[in-house]
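For reference, the structure is listed below as structure tokens.
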Amino acid sequence: MNDRKQLEAIEDAHLAPYAMRAGNSVGRAFPEAEHDYRTCFQRDRDRIIHCAAFRRLQYKTQVFLNWEGDHFRTRLTHTIEVAQAARTIARALALNEDLCEAVSLAHDLGHTPFGHAGEHAMRDLMRDHGGYEHNGQSLRIVDELERHYQPRFPGLNLTHEVRHGLMKHVTDYDKPLFKGLTTREGPSLEAQVANFADEISYNAHDVDDGIDSKVLTWQAGRKSELFAEAEAFARANVPEGEDDLLRYQLVRRLKDLQVTDLLEHTARRLKEEGFSDVRAVLAYAGKEPVVDFSPAFKAKVKGLKVMLFNELYMSRTVRRSMEKVTRFMRQLFERFVSEPYLMPGGFVKRIEQRVRTHRVVCDYIAGMTDRYAKEQYKKLFDPDVW
Ligand code: MG
């Protein structure tokens, strides 16, 4: 049987010199004895999967509102796709797959209900109250809001490496919100991989859901060179008239092209830079990322994103639901801020413990699933629902 020590030895022998090793983790904010047969990153992954915020991802919107169709991506299936892509990339580059997986599984825990619309609305609502950013909120969830181990410690007490990986877009490291993470070092290669796995996944699956919903047309898609390239591949491999098959092959190709370019370019960069260890990577990544697409391909990915933005995210169908969501999230938010006792007891208690009211309301609403938020709205405002 492989115990933890043996698993750490296997990592040591098989991972690249610049990969994070569980055996070298900086550790946890609240020291704990190590597990017998799981590395610290495996243990973090398991803690993430077992937290309530993870299960709620199932009923949170990715792009299409949760109730619009049963086979569109939800935040949970998006997260699983991200973890899958991250593991493939990590394994191919001999990086730490468990760390990549843990960061990927936690990356959207802090996302609001109602997808991008919800996030925009929350950013606006929190503008003068310390801000809201979903990666920062993910960190807040694993550090403070999940309650599994109290009174020993708040949150999930994850390793420094996983927490650091969650900070990807948080620029001001010295915010009190992120106490204990004041390092100026750049993200690990594993965190960078998780970042790109996120982007690669939504670029591909938003095309899939966009076409499936008929909001995105094939004709509009062709405004992107990458889309056109993937479509040509799909048409050459799918019999005439098989539209669903054509879409599957298009999306499969889109994902494959992105992962392949990222892998090849990053492997080249790693070879050129010749990093001897993790420290060298972190110091370098403080200035610029190592994991990346090749410059020519990056331009194509940008074109795909521009197309998705104009043709899908800014389409009338999506915008109409965004407008509505923004309006009713504001109403919910304002109601709870002016009458905090309308929230469940645990949240009211946090206000009594001097956490600022706006922050507590933000935590409450950001944690809601789409359907729970709708229910709360009806309970607060619909005279026929009590
Ligand atoms: Mg994501």
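So you can find residues: chains in the structure tokens are A, B, ... in the order shown, residues in each start at 1, and ligands are numbered from 1 in order.
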
Surroundings of ligand 1 up to 10 Å, based on only C-alpha atoms and all ligand atoms, as number ranges by chain
A: 62, 75-76, 78-82, 104-109, 111, 115, 134-135, 194-202

Selection to disk with N, CA, C and O atoms, as a JSON list (two decimals), in the first residue's frame:
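Below is the file that was written, again22.json:
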[["chain", "number", "residue", "atom", "x", "y", "z"],
["A", 62, "GLN", "N", -24.15, 29.13, -15.34],
["A", 62, "GLN", "CA", -22.89, 29.45, -16.01],
["A", 62, "GLN", "C", -23.18, 30.59, -16.97],
["A", 62, "GLN", "O", -22.86, 31.73, -16.69],
["A", 75, "ARG", "N", -22.65, 25.82, -13.18],
["A", 75, "ARG", "CA", -21.35, 26.15, -12.60],
["A", 75, "ARG", "C", -20.63, 24.86, -12.14],
["A", 75, "ARG", "O", -19.42, 24.78, -12.18],
["A", 76, "LEU", "N", -21.40, 23.85, -11.76],
["A", 76, "LEU", "CA", -20.77, 22.60, -11.32],
["A", 76, "LEU", "C", -20.16, 21.84, -12.50],
["A", 76, "LEU", "O", -19.02, 21.40, -12.42],
["A", 78, "HIS", "N", -19.30, 23.03, -15.34],
["A", 78, "HIS", "CA", -18.18, 23.85, -15.80],
["A", 78, "HIS", "C", -16.95, 23.53, -14.96],
["A", 78, "HIS", "O", -15.86, 23.28, -15.49],
["A", 79, "THR", "N", -17.12, 23.53, -13.65],
["A", 79, "THR", "CA", -16.01, 23.27, -12.72],
["A", 79, "THR", "C", -15.39, 21.90, -12.97],
["A", 79, "THR", "O", -14.17, 21.76, -12.97],
["A", 80, "ILE", "N", -16.21, 20.90, -13.23],
["A", 80, "ILE", "CA", -15.69, 19.55, -13.49],
["A", 80, "ILE", "C", -14.89, 19.54, -14.79],
["A", 80, "ILE", "O", -13.83, 18.92, -14.90],
["A", 81, "GLU", "N", -15.38, 20.28, -15.80],
["A", 81, "GLU", "CA", -14.64, 20.36, -17.07],
["A", 81, "GLU", "C", -13.29, 21.05, -16.88],
["A", 81, "GLU", "O", -12.29, 20.69, -17.50],
["A", 82, "VAL", "N", -13.28, 22.09, -16.04],
["A", 82, "VAL", "CA", -12.03, 22.81, -15.77],
["A", 82, "VAL", "C", -11.03, 21.87, -15.09],
["A", 82, "VAL", "O", -9.86, 21.79, -15.50],
["A", 104, "SER", "N", -8.69, 24.05, -9.27],
["A", 104, "SER", "CA", -9.78, 24.10, -10.26],
["A", 104, "SER", "C", -11.14, 23.88, -9.62],
["A", 104, "SER", "O", -12.10, 24.58, -9.92],
["A", 105, "LEU", "N", -11.22, 22.90, -8.74],
["A", 105, "LEU", "CA", -12.51, 22.59, -8.13],
["A", 105, "LEU", "C", -13.01, 23.73, -7.24],
["A", 105, "LEU", "O", -14.21, 23.90, -7.04],
["A", 106, "ALA", "N", -12.07, 24.51, -6.71],
["A", 106, "ALA", "CA", -12.47, 25.60, -5.79],
["A", 106, "ALA", "C", -12.62, 26.94, -6.50],
["A", 106, "ALA", "O", -13.15, 27.88, -5.91],
["A", 107, "HIS", "N", -12.20, 27.04, -7.78],
["A", 107, "HIS", "CA", -12.04, 28.37, -8.37],
["A", 107, "HIS", "C", -13.34, 29.17, -8.46],
["A", 107, "HIS", "O", -13.31, 30.39, -8.39],
["A", 108, "ASP", "N", -14.48, 28.51, -8.59],
["A", 108, "ASP", "CA", -15.74, 29.25, -8.73],
["A", 108, "ASP", "C", -16.65, 29.13, -7.51],
["A", 108, "ASP", "O", -17.82, 29.51, -7.58],
["A", 109, "LEU", "N", -16.13, 28.63, -6.41],
["A", 109, "LEU", "CA", -16.98, 28.46, -5.21],
["A", 109, "LEU", "C", -17.66, 29.77, -4.82],
["A", 109, "LEU", "O", -18.77, 29.78, -4.32],
["A", 111, "HIS", "N", -18.65, 32.18, -6.71],
["A", 111, "HIS", "CA", -19.45, 32.84, -7.74],
["A", 111, "HIS", "C", -20.89, 33.07, -7.26],
["A", 111, "HIS", "O", -21.45, 32.25, -6.56],
["A", 115, "GLY", "N", -24.78, 33.64, -12.92],
["A", 115, "GLY", "CA", -23.64, 33.83, -13.81],
["A", 115, "GLY", "C", -23.04, 35.23, -13.83],
["A", 115, "GLY", "O", -22.96, 35.89, -12.80],
["A", 134, "HIS", "N", -15.19, 37.32, -7.64],
["A", 134, "HIS", "CA", -15.54, 35.94, -7.28],
["A", 134, "HIS", "C", -14.36, 35.07, -6.84],
["A", 134, "HIS", "O", -14.53, 34.15, -6.05],
["A", 135, "ASN", "N", -13.15, 35.37, -7.34],
["A", 135, "ASN", "CA", -12.01, 34.58, -6.86],
["A", 135, "ASN", "C", -11.71, 34.90, -5.40],
["A", 135, "ASN", "O", -11.40, 34.02, -4.61],
["A", 194, "ALA", "N", -4.53, 25.98, -13.96],
["A", 194, "ALA", "CA", -5.95, 25.99, -13.60],
["A", 194, "ALA", "C", -6.65, 27.20, -14.24],
["A", 194, "ALA", "O", -7.77, 27.10, -14.73],
["A", 195, "ASN", "N", -5.94, 28.32, -14.24],
["A", 195, "ASN", "CA", -6.44, 29.53, -14.89],
["A", 195, "ASN", "C", -6.78, 29.33, -16.36],
["A", 195, "ASN", "O", -7.84, 29.70, -16.84],
["A", 196, "PHE", "N", -5.82, 28.75, -17.08],
["A", 196, "PHE", "CA", -6.03, 28.52, -18.51],
["A", 196, "PHE", "C", -7.07, 27.43, -18.75],
["A", 196, "PHE", "O", -7.81, 27.47, -19.73],
["A", 197, "ALA", "N", -7.10, 26.43, -17.88],
["A", 197, "ALA", "CA", -8.09, 25.37, -18.03],
["A", 197, "ALA", "C", -9.49, 25.98, -17.94],
["A", 197, "ALA", "O", -10.41, 25.55, -18.64],
["A", 198, "ASP", "N", -9.65, 26.97, -17.10],
["A", 198, "ASP", "CA", -10.93, 27.68, -16.95],
["A", 198, "ASP", "C", -11.29, 28.35, -18.28],
["A", 198, "ASP", "O", -12.36, 28.14, -18.85],
["A", 199, "GLU", "N", -10.34, 29.11, -18.79],
["A", 199, "GLU", "CA", -10.57, 29.85, -20.03],
["A", 199, "GLU", "C", -10.84, 28.91, -21.22],
["A", 199, "GLU", "O", -11.79, 29.10, -21.99],
["A", 200, "ILE", "N", -10.01, 27.87, -21.33],
["A", 200, "ILE", "CA", -10.16, 26.91, -22.43],
["A", 200, "ILE", "C", -11.54, 26.25, -22.36],
["A", 200, "ILE", "O", -12.22, 26.10, -23.38],
["A", 201, "SER", "N", -11.95, 25.90, -21.15],
["A", 201, "SER", "CA", -13.23, 25.21, -21.00],
["A", 201, "SER", "C", -14.39, 26.11, -21.37],
["A", 201, "SER", "O", -15.27, 25.70, -22.13],
["A", 202, "TYR", "N", -14.42, 27.34, -20.85],
["A", 202, "TYR", "CA", -15.60, 28.15, -21.18],
["A", 202, "TYR", "C", -15.60, 28.61, -22.63],
["A", 202, "TYR", "O", -16.66, 28.74, -23.24]]

Would you please extract all helix (DSSP H, G or I) residues from stretch 44-276 of chain A, as assigned by DSSP on the backbone, and give them as a ChimeraX atom specification?
/A:44-49,52-59,75-92,97-106,115-125,134-145,160-166,176-178,189-212,218-221,225-237,243-273

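Checking A:Leu139, A:Leu95, A:Ile48, A:Ala85 one by one against A:Ala13, counting only C-alpha atoms, you find the shortest gap at A:Leu95.
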
Tell me, counting only C-alpha atoms, for each residue of stretch 99-180 of chain A within 7 Å of stretch 24-45 of chain A, which pair of atoms is nearest and how far apart they are in Å to one decimal, in rows ordered by chain and increasing number, as CSV.
residue,atom,partner,partner_atom,distance
A:Leu99,CA,A:Phe41,CA,5.4
A:Glu101,CA,A:Arg45,CA,6.9
A:Ala102,CA,A:Arg45,CA,4.4
A:Phe153,CA,A:Phe30,CA,6.9
A:Asn157,CA,A:Arg28,CA,6.0
A:Leu158,CA,A:Asp44,CA,5.7
A:Thr159,CA,A:Arg28,CA,4.6
A:His160,CA,A:Gly27,CA,5.9
A:Glu161,CA,A:Ser25,CA,6.9

Selection near stretch 274-288 of chain A, 8 Å with only C-alpha atoms, sequence-local residues under 4 positions removed, as a list in words:
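Once the nearby chain positions are removed, what remains is Pro17, Tyr18, Ala19, Met20, Arg184, Glu185, Gly186, Pro187, Ser188, Leu189 and Leu270 of chain A.
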
Distance atom CA of A:Val385-atom CA of A:Leu342, one decimal place?
15.2 Å
